[in-house]
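> Provided herewith is a single structure, encoded as structure tokens, for subsequent inquiry.
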Amino acid sequence: MTTTDIAPDSVAVTSEQNQTFVERLVTNTGNLSIGKSWIFSGCIYFLFSTVLGFLLDIVRFDSDSYLIFSNVDKFFQFWSLHRTSIVLLAVVPMIIGLAMCIVPLQIGANSIIFPRAAAFGFWIWFLGSGITVVGFLADGGFGTPESGSQREAVALTLLGFLLVIAGICMSVICLLTTIISGRCMGMSLRRVPLFSWTMLIAGTLWILTLPVLAANSVLAYVDLRGRSAIYFGSEDLIWDQISWAFSHPQIYVFVLPLIGIAYDIVPVAAKVRQRNHDLVLVLSSLFGIVGFGAYAQPFFDTPGTPVREEALYVVTAFLAVPIALFLLVGLLDTLKMGARNLTKHPPAPMILSLLSLLLLISGTIVGALRAIEPFELLSRSSTSAQMKLTIAAGLVAIIAAMLWWGERIIGKSAKQGFGLISGVLITAGAVLSGLTDSVNGFLGLDDFTTTDFLQKVSSEQVVKILIPFSFIGSILIFAGAAVFLFTELMRLKNGSISEVDPWNGHTLEWTEETVVVRSERPLLDEVEKAGD
Amino acid sequence: MSNTTLPPAESRPRTLVTGVVLGSIASVMFFAGLFAVYFSMRADAKAWGSEWFPEGAIQLVPGGMNMATLSLSVITMAWAVRSVSNNDRIHTYLALGLTALLGVAVINQTVFYLNDIGLPVDYSKASTLLFTIVGAHMAMIAIGVIWNLLVLLRAFGGQDTKRHQDLVSALSFYWYAGVAVYSIIWIGIYIAK
């Protein structure tokens with residue numbers, strides 16, 4: 001008897017051709033495709049967050065215009081949405097997207113491990129981010145100082161927030177598993193490229209701290225749902241319970257991969273080997289450990305001493321400064337060694353990498369000043385300054401990474417000049433805004449500025465004089481975000497097909513092929529090909 | 001002819017086990033966050049001499065029964081892992097089935113106790129924390145039970161063998177993490193009250 005087996009390839013290919021764009025988008029499990037979805041969504045939220053920041057600064061600039069938000073509760077909702085979205089809907093997703101695309105290539109893995117889980121993680125995050133924003137817009141958010149929000153909408157926001165955290169954690173677990181178990185033979189963890197290494201450290205810290213943030217949100221949700229809240233779900237307390245994730249030290253953990261980005265770009269651009277590679281591994285890990293911030297919650301205040309005045313908090317604030325400085329020195333040393341290899345116009349990603357480290361250092365310095373108790377800066381606008389500087393460091397590094405690896409991710413070249421302009425605009429905006437907020441912190445301006453305070457300040461006082469600079473800073477950051485999005489859209493539309501290895505990197509991410517499995521029986525196909 | 005000894009092949013941690021261990025760590029951190037809040041607030045309440053739980057509200061017996069049931073499930077889960085690595089299908093069916101059954105028993109006891117306790121969720125901070133922690137743990141065990149049943153189905157289909165034992169090993173890590181979390185609930189909430 002003869003058995004005839006029909007290869008299912010033709011069926012698979014036909015069904016793929018029949019898929020619509022949306023079907024292909026939703027069902028695609030390729031790491032490049034998932035990574036691009038993360039990056040693109042993050043870009044949109046990045047622009048959205050900068051618009052929010054801009055609107056919030058208008059209110060500080062002209063206190064009468066707070067009517068944009070109709071009342072102080074709305075103002076608070078948008079203020080907290082700005083903080084949440086810039087971190088968990090913009091910076092972290094874009095870093096995850098970059099890692100999804102680059103990490104498997106850097107470590108010699110064909111693709112991400114658990115691709116379906118990685119795609120699921122993205123879609124959970126995407127759904128959660130939408131629910132979170134809708135929750136805020138429906139008069140919810142993370143509570144309000146005057147309890148003027150809709151309780152059901154607050155519950156909706158918390159639910160969306162939990163989905164955001166779940167999506168991030170799921171994707172990070174896929175990334176970490178790829179780094180731990182999917183490295184090519186011969187590549188020990190010591191030899192892992194620094195971006196992948198910092199992703200390993202940052203990802204580990206994300207899965208150690210984000211579940212704690214989820215626990216805070218679940219407590220608030222349980223307390224809030226269906227009855228009057230006892231404590232955790234009280235509208236004026238929800239933000240207090242979760243704000244630790246958006247200030248020192250936790251904020252450092254979210255931007256930790258910027259160290260890896262800078263250390264992967266600069267040595268290749270300067271065409272020299274990185275000296276003291278092991279020291280960089282140790283320092284970047286130390287920076288991550290210093291950034292572990294799940295303990296800095298008001299729940300853990302001891303009577304008389306808030307946790308933010310305890311030794312651990314203060315010591316980590318001061319430790320972050322020398323670690324960041326040492327990392328910059330390492331990078332400058334590499335540049336010095338490779339100075340003769342640099343052309344008159346050094347590559348834009350290299351300049352942006354250095355700027356991002358400088359911003360990080362400024363952020364750590366403001367963080368250290370904040371921790372000095374006699375200055376009483378913990379609830380002042382210095383908190384905002386530290387966050388702006390640190391997050392801007394992450395954003396500038398992401399732009400640098402997109403200019404560096406974008407050709408590998410998108411397959412087309414971008415205008416490096418536009419990318420450089422966007423990074424410089426964000427840096428200038430963050431410095432201007434951060435410096436103003438730092439000085440205003442010393443002058444008594446609160447982190448969440450109520451209009452009452454601003455109306456009391458006379459126009460001759462320094463606080464009032466400095467606020468316009470912060471406003472200009474916000475405009476610059478918004479302009480930087482817009483130019484970045486424009487650059488990437490132009491790349492997609494008009495970018496020329498890129499070279500195989502445009503930077504002469506000769507590292508794995510430029511040589512490794514990304515394998516897209518289309519057949520339903522890939523191994524059998526390989527055997528048949530070999531037979532032919 | 002000279003004999004050449006090749007270097008031993010480099011081994012990497014098994015992907016499924018690595019992923020599940022990382023996921024279990026994240027779950028444990030979720031509970032760590034809740035426990036930290038619980039113990040911190042309890043310590044404050046005790047320091048101020050306030051009531052934490054009303055006298056007699058928390059019974060030791062239901063918590064103890066759950067702990068005993070989960071301890072038994074640790075043995076049956078280890079039995080399942082051992083059976084798969086020995087290619088012993090009958091014992092694998094029995095061990096996985098028993099583990100799932102014990103998990104269902106824990107959920108049943110917990111639901112009964114939470115209904116019977118007579119302490120509404122919004123009675124105090126302590127009761128909110130109690131319901132959140134115990135409820136979240138019940139969800140963790142429920143996920144474990146569903147996973148267990150799926151693995152059992154695969155075992156019936158002959159897909160859990162010595163060569164493909166990762167799924168059972170991964171499940172066991174998750175299950176042990178769930179039991180470890182419960183042991184803290186038992187000591188911290190049911191015994192220490």
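We name chains A, B, ... following the order of the structure tokens; residues begin at 1 in each chain, and ligands are numbered from 1 as shown.
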For the contact check between chain A and chain B, emit one row per residue of chain A within 8 Å, containing the shortest atom pair and the distance in Å rounded to one decimal, counting only C-alpha atoms, chain then rising number order, as a tab-separated table.


residue	atom	partner	partner_atom	distance
A:Ile113	CA	B:Thr15	CA	7.6
A:Cys169	CA	B:Ala26	CA	7.9
A:Met170	CA	B:Gly23	CA	7.9
A:Ile173	CA	B:Gly19	CA	6.2
A:Cys174	CA	B:Gly19	CA	6.8
A:Leu176	CA	B:Gly19	CA	7.9
A:Thr177	CA	B:Gly19	CA	5.5
A:Thr178	CA	B:Thr15	CA	7.8
A:Ile180	CA	B:Pro13	CA	7.2
A:Ser181	CA	B:Arg12	CA	5.3
A:Gly182	CA	B:Arg12	CA	7.5
A:Met185	CA	B:Glu10	CA	6.6
A:Gly186	CA	B:Glu10	CA	7.6
A:Ile207	CA	B:Ala26	CA	5.4
A:Leu208	CA	B:Met29	CA	5.9
A:Thr209	CA	B:Met29	CA	7.3
A:Pro211	CA	B:Phe30	CA	4.5
A:Val212	CA	B:Gly33	CA	4.6
A:Leu213	CA	B:Gly33	CA	7.8
A:Ala214	CA	B:Phe30	CA	6.8
A:Ala215	CA	B:Phe30	CA	5.5
A:Asn216	CA	B:Gly33	CA	7.4
A:Val218	CA	B:Thr132	CA	7.6
A:Leu219	CA	B:Thr132	CA	6.5
A:Val222	CA	B:Thr132	CA	6.8
A:Asp223	CA	B:Thr128	CA	6.5
A:Arg227	CA	B:Asp122	CA	7.7
A:Ser228	CA	B:Asp122	CA	7.9
A:Ala229	CA	B:Asp122	CA	7.3
A:Ile230	CA	B:Asp122	CA	6.3
A:Tyr231	CA	B:Lys125	CA	6.7
A:Phe232	CA	B:Lys125	CA	8.0
A:Phe299	CA	B:Val37	CA	6.1
A:Phe300	CA	B:Ser40	CA	6.3

> Please produce an output containing N, CA and C atoms for each residue in the selection, written as a compact mmCIF listing (two decimals), in the first residue's frame.


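Dumped to result13.txt:
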# COMPACT_ATOMS: atom_id res chain seq x y z
N ILE A 113 12.79 33.35 23.42
CA ILE A 113 12.23 32.09 23.93
C ILE A 113 10.80 32.38 24.40
N CYS A 169 5.86 42.20 33.08
CA CYS A 169 6.53 41.07 33.76
C CYS A 169 6.62 39.87 32.83
N MET A 170 5.54 39.58 32.10
CA MET A 170 5.54 38.41 31.23
C MET A 170 6.61 38.55 30.14
N ILE A 173 10.09 38.17 31.60
CA ILE A 173 10.43 36.77 31.90
C ILE A 173 10.92 36.08 30.61
N CYS A 174 10.26 36.36 29.48
CA CYS A 174 10.70 35.77 28.20
C CYS A 174 12.12 36.23 27.87
N LEU A 176 14.46 37.38 29.98
CA LEU A 176 15.45 36.83 30.91
C LEU A 176 15.74 35.37 30.59
N THR A 177 14.67 34.62 30.27
CA THR A 177 14.88 33.20 29.93
C THR A 177 15.76 33.09 28.69
N THR A 178 15.55 34.00 27.73
CA THR A 178 16.38 33.96 26.52
C THR A 178 17.85 34.20 26.89
N ILE A 180 19.32 33.75 29.83
CA ILE A 180 19.87 32.70 30.70
C ILE A 180 20.04 31.38 29.94
N SER A 181 19.00 31.01 29.18
CA SER A 181 19.01 29.67 28.58
C SER A 181 19.26 29.64 27.09
N GLY A 182 19.16 30.78 26.43
CA GLY A 182 19.22 30.75 24.96
C GLY A 182 20.53 31.25 24.38
N MET A 185 26.49 28.61 22.40
CA MET A 185 27.52 27.88 23.13
C MET A 185 28.82 28.69 23.16
N GLY A 186 29.48 28.70 24.27
CA GLY A 186 30.74 29.43 24.40
C GLY A 186 30.57 30.83 24.95
N ILE A 207 11.26 42.24 37.79
CA ILE A 207 10.34 41.19 38.27
C ILE A 207 10.41 41.04 39.80
N LEU A 208 11.39 41.67 40.41
CA LEU A 208 11.41 41.67 41.88
C LEU A 208 10.59 42.84 42.45
N THR A 209 10.47 43.93 41.71
CA THR A 209 9.80 45.11 42.28
C THR A 209 8.40 45.36 41.71
N PRO A 211 6.01 43.27 40.87
CA PRO A 211 4.96 42.55 41.60
C PRO A 211 4.60 43.20 42.94
N VAL A 212 5.57 43.86 43.56
CA VAL A 212 5.27 44.56 44.82
C VAL A 212 4.34 45.75 44.53
N LEU A 213 4.59 46.42 43.40
CA LEU A 213 3.70 47.51 42.98
C LEU A 213 2.31 46.95 42.68
N ALA A 214 2.28 45.76 42.07
CA ALA A 214 0.99 45.11 41.79
C ALA A 214 0.28 44.79 43.10
N ALA A 215 1.04 44.36 44.11
CA ALA A 215 0.44 44.04 45.42
C ALA A 215 -0.22 45.29 46.02
N ASN A 216 0.47 46.43 45.92
CA ASN A 216 -0.11 47.70 46.40
C ASN A 216 -1.42 48.00 45.68
N VAL A 218 -3.42 45.86 44.07
CA VAL A 218 -4.48 44.88 44.40
C VAL A 218 -5.12 45.23 45.74
N LEU A 219 -4.29 45.62 46.69
CA LEU A 219 -4.83 46.01 48.02
C LEU A 219 -5.81 47.18 47.87
N VAL A 222 -9.03 45.89 46.10
CA VAL A 222 -9.91 45.09 46.98
C VAL A 222 -10.64 46.00 47.95
N ASP A 223 -9.91 46.98 48.48
CA ASP A 223 -10.51 47.88 49.47
C ASP A 223 -11.54 48.81 48.84
N ARG A 227 -17.55 48.98 48.00
CA ARG A 227 -17.88 49.48 49.34
C ARG A 227 -17.03 50.71 49.63
N SER A 228 -17.30 51.37 50.73
CA SER A 228 -16.46 52.52 51.06
C SER A 228 -15.11 52.01 51.57
N ALA A 229 -14.06 52.65 51.09
CA ALA A 229 -12.72 52.14 51.39
C ALA A 229 -12.36 52.40 52.85
N ILE A 230 -11.64 51.42 53.43
CA ILE A 230 -11.18 51.56 54.81
C ILE A 230 -9.93 52.42 54.86
N TYR A 231 -8.94 52.03 54.06
CA TYR A 231 -7.65 52.71 54.13
C TYR A 231 -6.93 52.66 52.78
N PHE A 232 -6.65 51.43 52.32
CA PHE A 232 -5.79 51.26 51.13
C PHE A 232 -6.42 51.87 49.88
N PHE A 299 4.16 52.59 54.02
CA PHE A 299 3.74 51.51 54.93
C PHE A 299 4.85 51.15 55.91
N PHE A 300 6.09 51.33 55.45
CA PHE A 300 7.21 50.87 56.27
C PHE A 300 7.83 52.00 57.09

> Quick one: residues within 8 Å of Asp57 of chain A, only C-alpha atoms counted, chain neighbours fewer than 4 positions away excluded, as a compact mmCIF listing (two decimals) with N, CA and C atoms, in the first residue's frame?


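This is the output file out_11.txt:
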# COMPACT_ATOMS: atom_id res chain seq x y z
N GLY A 53 2.84 66.71 30.14
CA GLY A 53 3.81 67.51 30.89
C GLY A 53 3.74 68.98 30.51
N PHE A 61 2.90 77.82 35.04
CA PHE A 61 3.34 79.07 34.42
C PHE A 61 2.31 80.17 34.68
N SER A 470 11.02 76.27 33.46
CA SER A 470 10.54 74.90 33.49
C SER A 470 9.55 74.68 32.34
N PHE A 471 8.74 75.70 32.10
CA PHE A 471 7.76 75.64 31.01
C PHE A 471 8.47 75.50 29.66
N SER A 474 9.73 72.06 29.22
CA SER A 474 8.68 71.13 28.78
C SER A 474 8.43 71.24 27.29

> Please provide as a PDB file with N, CA and C atoms, in the first residue's frame all residues within 9 Å of segment 154-160 of chain B, with the sequence filter that same-chain residues fewer than 4 positions apart are discarded (counting only C-alpha atoms).


ATOM      1  N   VAL B  84       7.700  10.572  36.466  1.00  0.00           N
ATOM      2  CA  VAL B  84       7.964  10.949  35.069  1.00  0.00           C
ATOM      3  C   VAL B  84       9.401  10.624  34.707  1.00  0.00           C
ATOM      4  N   ASN B  87       9.780   7.159  33.812  1.00  0.00           N
ATOM      5  CA  ASN B  87       8.870   6.708  32.743  1.00  0.00           C
ATOM      6  C   ASN B  87       7.740   5.839  33.279  1.00  0.00           C
ATOM      7  N   ARG B  89       4.205   5.634  33.911  1.00  0.00           N
ATOM      8  CA  ARG B  89       3.021   6.414  33.563  1.00  0.00           C
ATOM      9  C   ARG B  89       1.892   6.270  34.579  1.00  0.00           C
ATOM     10  N   THR B  92       2.550   8.357  37.458  1.00  0.00           N
ATOM     11  CA  THR B  92       2.443   9.778  37.074  1.00  0.00           C
ATOM     12  C   THR B  92       0.981  10.209  37.097  1.00  0.00           C
ATOM     13  N   TYR B  93       0.106   9.378  36.512  1.00  0.00           N
ATOM     14  CA  TYR B  93      -1.331   9.715  36.526  1.00  0.00           C
ATOM     15  C   TYR B  93      -1.814   9.889  37.962  1.00  0.00           C
ATOM     16  N   LEU B 149      -3.975  19.767  35.844  1.00  0.00           N
ATOM     17  CA  LEU B 149      -4.915  18.975  35.049  1.00  0.00           C
ATOM     18  C   LEU B 149      -4.490  18.938  33.583  1.00  0.00           C
ATOM     19  N   LEU B 150      -3.939  20.057  33.105  1.00  0.00           N
ATOM     20  CA  LEU B 150      -3.462  20.076  31.714  1.00  0.00           C
ATOM     21  C   LEU B 150      -2.276  19.119  31.538  1.00  0.00           C
ATOM     22  N   HIS B 164      10.677  14.167  28.053  1.00  0.00           N
ATOM     23  CA  HIS B 164       9.930  15.429  28.054  1.00  0.00           C
ATOM     24  C   HIS B 164       9.354  15.697  29.443  1.00  0.00           C
ATOM     25  N   GLN B 165      10.228  15.787  30.411  1.00  0.00           N
ATOM     26  CA  GLN B 165       9.742  15.934  31.779  1.00  0.00           C
ATOM     27  C   GLN B 165       9.747  17.384  32.267  1.00  0.00           C
ATOM     28  N   ASP B 166      10.151  18.293  31.384  1.00  0.00           N
ATOM     29  CA  ASP B 166      10.290  19.684  31.820  1.00  0.00           C
ATOM     30  C   ASP B 166       8.992  20.294  32.323  1.00  0.00           C
ATOM     31  N   LEU B 167       7.894  19.923  31.678  1.00  0.00           N
ATOM     32  CA  LEU B 167       6.623  20.531  32.063  1.00  0.00           C
ATOM     33  C   LEU B 167       6.274  20.158  33.507  1.00  0.00           C
ATOM     34  N   VAL B 168       6.510  18.889  33.865  1.00  0.00           N
ATOM     35  CA  VAL B 168       6.206  18.448  35.235  1.00  0.00           C
ATOM     36  C   VAL B 168       7.182  19.108  36.218  1.00  0.00           C
TER      37      VAL B 168
END

> Quick one: everything within 12 Å of Glu55 of chain B, counting only C-alpha atoms, minus sequence neighbours fewer than 3 positions away in the same chain. Send it as a ChimeraX atom specification.

/B:51-52,58-59,119,193

> Compile the contact shell of segment 394-407 of chain A as a short mmCIF file (atom, residue, chain, number, x, y, z; two decimals) with N, CA and C atoms, in the first residue's frame: residues with an atom at most 6 Å away, counting only C-alpha atoms, same-chain residues fewer than 6 positions apart removed.


data_model
loop_
_atom_site.label_atom_id
_atom_site.label_comp_id
_atom_site.auth_asym_id
_atom_site.auth_seq_id
_atom_site.Cartn_x
_atom_site.Cartn_y
_atom_site.Cartn_z
N VAL A 255 15.71 52.79 34.16
CA VAL A 255 16.57 53.28 33.07
C VAL A 255 17.95 52.60 33.06
N LEU A 258 20.25 51.89 30.00
CA LEU A 258 20.94 52.96 29.27
C LEU A 258 22.45 52.79 29.40
N PRO A 349 24.72 58.55 17.68
CA PRO A 349 24.42 57.71 18.85
C PRO A 349 25.47 57.82 19.95
N LEU A 352 24.84 61.04 21.86
CA LEU A 352 23.65 60.90 22.70
C LEU A 352 23.89 59.96 23.88
N SER A 353 24.71 58.94 23.66
CA SER A 353 25.03 58.03 24.78
C SER A 353 25.71 58.79 25.91
N SER A 356 23.26 61.00 27.67
CA SER A 356 22.35 60.26 28.56
C SER A 356 23.03 59.93 29.88
N SER A 413 17.53 53.03 6.85
CA SER A 413 18.36 54.04 7.55
C SER A 413 17.51 55.23 7.94
N GLY A 423 17.43 64.21 20.38
CA GLY A 423 18.11 63.90 21.65
C GLY A 423 18.61 65.14 22.35
N SER A 498 19.19 49.64 4.42
CA SER A 498 20.46 49.82 5.14
C SER A 498 21.50 48.79 4.75
#
